[in-house]
Structure formats: C-alpha cells, structure tokens
Amino acid sequence: MSFKSKKIWLDGEMVRWEEAKVHVLTHALHYGTGYFEGIRCYALEDGHSAVFRLDEHMRRFFDSGQILGFPLPYTVEQIKLATLDIIRVNGLKECYIRPLAFVGSGEMGLYAPDNPIHVAIAAWPWGAYLGEEGIKNGIRAKVSSYTRHHVNVMMTKSKVSGNYINSVLAKNEVKKAGYDEAIMLDTEGYVAEASGENIFIIRQQRVKTTPLTSILPGITRDSVLTIARDKEYEVQEERFTRDELYTADEAFFTGTAAEVTPIREVDNRKIGPGCPGPVTLKLQQTFFNAIKGKDKKYKKWLTYI
C-alpha cells in the first residue's frame, strides 16, 4: 500500500511531497486545532476518473472550519479546483484525497486567534481501508471500552483532528485484542459509530442506522441510506443497543475509506450466519456500481476529472 505521490497542494502552491513541511511549533501539532476531509476518486468503466460526492465533502470541510471557529481562507470553488488539480498533477486514476486545514505557528497557548490557517491537499493510492478480504467476507469488531464524544464535550459534526484521539485509543485497544475494528457506544450506552465509520444493522429486511446525534454525518452513510430507500427497504434512523446489534441478521460499516464493509462478528458473537447477508450485499453492490459510474441513477454523485 503506497502512501506517497509526487506533489501536495500547500497554501495555494504545488510542492514536492518531501517538501510539504511545517514548523514544530505549529499550533495544531500541540493542540489538535486542525480539521480534514477524506475523499475518494475512482476509475470509471468508461476510462475516465471521477471524485465521489465532491460537493458534499466540500460542504462538510467548510462546515468543520465554521464549527471550530477557524474558517478556511479560500472559497469553496478554489478548494474544489485544487482538489481536482492535485489528482491531475499526480497522474492518479484512483486515489484517496486528504484536504487538511490547520492553525499554524505564531502564538502558543490555547488562545491564538491571530495564527495563520494553512491548507494542504494530498492524494495517494489507497485500497480498502479494512482490507479487501473484509470487503468480501466481513470483519470482526469489538465494542471498545472508550465512549464516543458527548455533543457538549466535543463538536461531533466536525472532522476536527483532536477528536480522533478518541478513535486512536479505541482502534489500538481492539487491534491489540485481535479484532479488526472498534465499535463505540455513546454516553448513554447506545451504539454510536466505529472509530472511523458509521454503522448499520439489518433485521427482518429493515435497515437501521444511528441518528445524527453524537455521530459524524457520514457521506457514505447518506449514500447508502439513499440507495436503501430507492430499493424500497424500510429505513430507520434511531438509536439501538449493543444487544440489538448482537441479534441483528446483518451489519456493516460505511465510510469513505471503508466504503461498505460487512461485519461478520461482534464481541465473539456471529452476526447472522457469520458472513455478509443478502441485503448488505445488494446495498454494497449498488454502492460500488454508483462509485464506478455503472448506475446512471447516481451519476449526479460524480465529478469528472
């Protein structure tokens, strides 16, 4: 798996990958005052490439800056064009794209309103986040001992860099215990989301996912909800408990990096028969058709390079 390409867009200029550097006293390095997006570009069946749901990712990126109180010093159109440019400059047909805004050096301490806001956009080849085997056969998950952020503790609708310490702790905990991914409960004990993904369960053909209370509003989550409704499944956005997860017929994660990854086991309990179920597979296949430009219904989600 490669994590390198030729150029990174940094503060309006294309710089060599090796030269995209910041000072050690960068505010975000000390206090987590950055925010980011995760976006994917796919090679389509017609030979072109397209970014998946670029407009929605840009809206969430700018919303993150608004929530954090450090807005981007660029327009939406400038960042969109820079995102497409970084893919072209690096000659990538398929890639993961990481826009990042962060508070730079200047004043130290928690209050640094005059420090500059830097923006970088990188792109590199990146396969299935939870593994190709996981995409095909499902993964093993464990409920973490770490609780998801409460809405009055952290701003959960923003992809703030500092928020992800919570995810790092949870991910490390379950990986060391031999599992693939962590599931996190909210402060009231209901299933919230994974360390970097939203979660769905299916029982008796009903598709259920956690509501937008303490979770990040996932763009892949929204895509799957749209697909499920288009296929006339009953869809519910409501809280559910850990034991409801244990007794689901099917379960899966969604996320830009994870795409649609089935869950075959949680806390040493098989989910359904312990393999991806029929509803999961149908939603997964439709999603993959959409991102590859094979389904005309969802071509509105694609921004061609």
# chains A, B, ... in the order shown; residues from 1 in each chain; ligands from 1
call {"tool": "select_by_dssp", "arguments": {"residues": "region 40-231 of chain A", "states": "helix (DSSP H, G or I)", "output": "ChimeraX atom specification"}}
result
/A:54-68,76-89,132-137,161-176,219-230
call {"tool": "residues_around", "arguments": {"residues": "Ala122 (chain A)", "least_positions_apart": "5", "cutoff": "6 Å", "atoms": "only C-alpha atoms", "output": "list in words"}}
result
Ile8, Ile97 and Arg98 of chain A
call {"tool": "write_last_selection", "arguments": {"atoms": "all heavy atoms", "output": "short mmCIF file (atom, residue, chain, number, x, y, z; two decimals), in the first residue's frame"}}
result
data_model
loop_
_atom_site.label_atom_id
_atom_site.label_comp_id
_atom_site.auth_asym_id
_atom_site.auth_seq_id
_atom_site.Cartn_x
_atom_site.Cartn_y
_atom_site.Cartn_z
N ILE A 8 2.00 17.82 -3.38
CA ILE A 8 0.96 18.19 -2.43
C ILE A 8 0.64 19.67 -2.65
O ILE A 8 1.54 20.48 -2.85
CB ILE A 8 1.42 17.95 -0.98
CG1 ILE A 8 1.52 16.44 -0.69
CG2 ILE A 8 0.48 18.62 0.03
CD1 ILE A 8 2.05 16.10 0.68
N ILE A 97 -8.06 11.19 -1.17
CA ILE A 97 -7.71 12.61 -1.15
C ILE A 97 -7.90 13.13 0.27
O ILE A 97 -8.94 12.89 0.90
CB ILE A 97 -8.59 13.41 -2.12
CG1 ILE A 97 -8.56 12.78 -3.52
CG2 ILE A 97 -8.15 14.86 -2.18
CD1 ILE A 97 -9.85 12.92 -4.27
N ARG A 98 -6.91 13.84 0.79
CA ARG A 98 -6.96 14.34 2.15
C ARG A 98 -6.77 15.86 2.18
O ARG A 98 -5.64 16.35 2.22
CB ARG A 98 -5.89 13.65 3.00
CG ARG A 98 -5.65 14.21 4.40
CD ARG A 98 -6.90 14.26 5.26
NE ARG A 98 -7.53 12.98 5.43
CZ ARG A 98 -7.25 12.09 6.38
NH1 ARG A 98 -6.28 12.34 7.24
NH2 ARG A 98 -7.92 10.97 6.45
#
call {"tool": "residues_around", "arguments": {"residues": "region 50-66 of chain A", "least_positions_apart": "3", "cutoff": "8 Å", "atoms": "only C-alpha atoms", "output": "compact mmCIF listing (two decimals) with N, CA, C and O atoms, in the first residue's frame"}}
result
# COMPACT_ATOMS: atom_id res chain seq x y z
N TYR A 35 -8.62 20.42 10.98
CA TYR A 35 -9.79 19.67 10.53
C TYR A 35 -9.52 19.18 9.12
O TYR A 35 -8.70 19.76 8.38
N PHE A 36 -10.18 18.12 8.74
CA PHE A 36 -9.83 17.48 7.48
C PHE A 36 -11.03 16.82 6.84
O PHE A 36 -12.12 16.74 7.42
N GLU A 37 -10.81 16.32 5.63
CA GLU A 37 -11.80 15.52 4.91
C GLU A 37 -11.11 14.27 4.37
O GLU A 37 -9.88 14.24 4.22
N GLY A 38 -11.91 13.27 4.10
CA GLY A 38 -11.44 12.09 3.39
C GLY A 38 -12.32 11.91 2.17
O GLY A 38 -13.55 11.83 2.30
N ILE A 39 -11.74 11.90 0.99
CA ILE A 39 -12.49 11.86 -0.27
C ILE A 39 -11.86 10.77 -1.15
O ILE A 39 -10.67 10.50 -1.04
N ARG A 40 -12.65 10.18 -2.01
CA ARG A 40 -12.09 9.19 -2.94
C ARG A 40 -12.37 9.57 -4.39
O ARG A 40 -13.44 10.13 -4.71
N CYS A 41 -11.40 9.25 -5.23
CA CYS A 41 -11.54 9.35 -6.68
C CYS A 41 -11.47 7.94 -7.24
O CYS A 41 -10.61 7.15 -6.81
N TYR A 42 -12.36 7.62 -8.16
CA TYR A 42 -12.44 6.27 -8.71
C TYR A 42 -12.23 6.26 -10.23
O TYR A 42 -12.65 7.19 -10.92
N ALA A 43 -11.61 5.20 -10.71
CA ALA A 43 -11.52 4.95 -12.14
C ALA A 43 -12.84 4.34 -12.60
O ALA A 43 -13.30 3.35 -12.02
N LEU A 44 -13.45 4.95 -13.60
CA LEU A 44 -14.76 4.51 -14.06
C LEU A 44 -14.64 3.50 -15.20
O LEU A 44 -13.59 3.36 -15.82
N GLY A 69 -14.32 27.36 14.45
CA GLY A 69 -14.04 28.78 14.61
C GLY A 69 -12.78 29.24 13.90
O GLY A 69 -12.29 30.35 14.14
N PHE A 70 -12.27 28.39 12.99
CA PHE A 70 -11.10 28.72 12.18
C PHE A 70 -11.46 28.49 10.71
O PHE A 70 -11.10 27.46 10.13
N PRO A 71 -12.22 29.40 10.10
CA PRO A 71 -12.70 29.17 8.74
C PRO A 71 -11.57 29.14 7.71
O PRO A 71 -10.50 29.71 7.92
N LEU A 72 -11.83 28.49 6.62
CA LEU A 72 -10.86 28.39 5.54
C LEU A 72 -10.62 29.75 4.88
O LEU A 72 -11.58 30.48 4.62
N VAL A 76 -14.99 27.94 -1.63
CA VAL A 76 -15.31 26.54 -1.95
C VAL A 76 -14.80 26.19 -3.33
O VAL A 76 -14.21 25.11 -3.54
N ILE A 79 -10.98 25.52 -3.44
CA ILE A 79 -10.58 24.24 -2.86
C ILE A 79 -11.03 23.09 -3.75
O ILE A 79 -10.31 22.08 -3.90
N LYS A 80 -12.19 23.19 -4.36
CA LYS A 80 -12.64 22.16 -5.30
C LYS A 80 -11.67 22.04 -6.47
O LYS A 80 -11.27 20.93 -6.86
N LYS A 157 -20.00 17.06 14.88
CA LYS A 157 -20.36 17.21 13.46
C LYS A 157 -19.19 17.75 12.63
O LYS A 157 -19.34 18.03 11.45
N SER A 158 -18.05 17.89 13.26
CA SER A 158 -16.87 18.41 12.59
C SER A 158 -15.76 17.36 12.61
O SER A 158 -15.57 16.66 13.61
N LYS A 159 -15.04 17.25 11.50
CA LYS A 159 -13.90 16.32 11.44
C LYS A 159 -12.65 17.01 12.00
O LYS A 159 -11.67 17.25 11.30
N VAL A 160 -12.74 17.37 13.27
CA VAL A 160 -11.64 18.04 13.95
C VAL A 160 -10.54 17.03 14.28
O VAL A 160 -10.82 15.94 14.80
N ILE A 219 -20.88 10.78 4.66
CA ILE A 219 -21.36 10.95 3.30
C ILE A 219 -21.64 9.60 2.66
O ILE A 219 -22.61 9.44 1.91
N ILE A 291 -20.19 4.27 -7.51
CA ILE A 291 -18.89 4.95 -7.48
C ILE A 291 -18.08 4.68 -8.75
O ILE A 291 -17.18 5.46 -9.08
N TRP A 301 -23.62 12.00 -8.46
CA TRP A 301 -22.67 11.99 -7.35
C TRP A 301 -21.23 12.10 -7.82
O TRP A 301 -20.31 12.18 -7.00
N LEU A 302 -20.99 12.07 -9.13
CA LEU A 302 -19.62 12.00 -9.65
C LEU A 302 -19.19 13.35 -10.25
O LEU A 302 -19.94 13.96 -11.02
N THR A 303 -18.00 13.78 -9.89
CA THR A 303 -17.37 14.95 -10.51
C THR A 303 -16.21 14.45 -11.34
O THR A 303 -15.21 13.97 -10.81
N TYR A 304 -16.33 14.55 -12.65
CA TYR A 304 -15.31 14.01 -13.55
C TYR A 304 -14.05 14.85 -13.52
O TYR A 304 -14.09 16.08 -13.40
N ILE A 305 -12.92 14.16 -13.64
CA ILE A 305 -11.62 14.83 -13.68
C ILE A 305 -11.38 15.38 -15.10
O ILE A 305 -11.57 14.67 -16.06
call {"tool": "atom_distance", "arguments": {"atom1": "CA of Arg16 (chain A)", "atom2": "CA of Glu107 (chain A)"}}
result
27.8 Å
call {"tool": "closest_residue", "arguments": {"among": "A:Asp249, A:Asp180, A:Gly138, A:Asn166", "to": "Arg264 (chain A)", "atoms": "only C-alpha atoms"}}
result
A:Gly138
call {"tool": "closest_atom_pairs", "arguments": {"of": "region 28-140 of chain A", "to": "region 19-23 of chain A", "cutoff": "10 Å", "atoms": "only C-alpha atoms", "output": "JSON lines"}}
result
{"residue": "A:Leu29", "atom": "CA", "partner": "A:His23", "partner_atom": "CA", "distance": 9.1}
{"residue": "A:Gly104", "atom": "CA", "partner": "A:Val22", "partner_atom": "CA", "distance": 8.0}
{"residue": "A:Ser105", "atom": "CA", "partner": "A:His23", "partner_atom": "CA", "distance": 6.9}
{"residue": "A:Gly106", "atom": "CA", "partner": "A:His23", "partner_atom": "CA", "distance": 10.0}
{"residue": "A:His118", "atom": "CA", "partner": "A:Val22", "partner_atom": "CA", "distance": 9.5}
{"residue": "A:Ala120", "atom": "CA", "partner": "A:Ala20", "partner_atom": "CA", "distance": 8.6}
{"residue": "A:Ala122", "atom": "CA", "partner": "A:Ala20", "partner_atom": "CA", "distance": 9.8}
call {"tool": "closest_residue", "arguments": {"among": "A:Ala123, A:Val266, A:Ile201, A:Leu216", "to": "Glu238 (chain A)", "atoms": "only C-alpha atoms"}}
result
A:Ile201
call {"tool": "select_by_dssp", "arguments": {"residues": "region 135-224 of chain A", "states": "strand (DSSP E)", "output": "ChimeraX atom specification"}}
result
/A:139-143,181-185,191-194,198-203,206-209
call {"tool": "closest_residue", "arguments": {"among": "A:Ile86, A:Ala101, A:Leu283, A:Val260", "to": "Asn137 (chain A)", "atoms": "only C-alpha atoms"}}
result
A:Val260
call {"tool": "residues_around", "arguments": {"residues": "Lys142 (chain A)", "least_positions_apart": "5", "cutoff": "6 Å", "atoms": "only C-alpha atoms", "output": "list in words"}}
result
Ala182, Ile183, Val266 and Asp267 of chain A
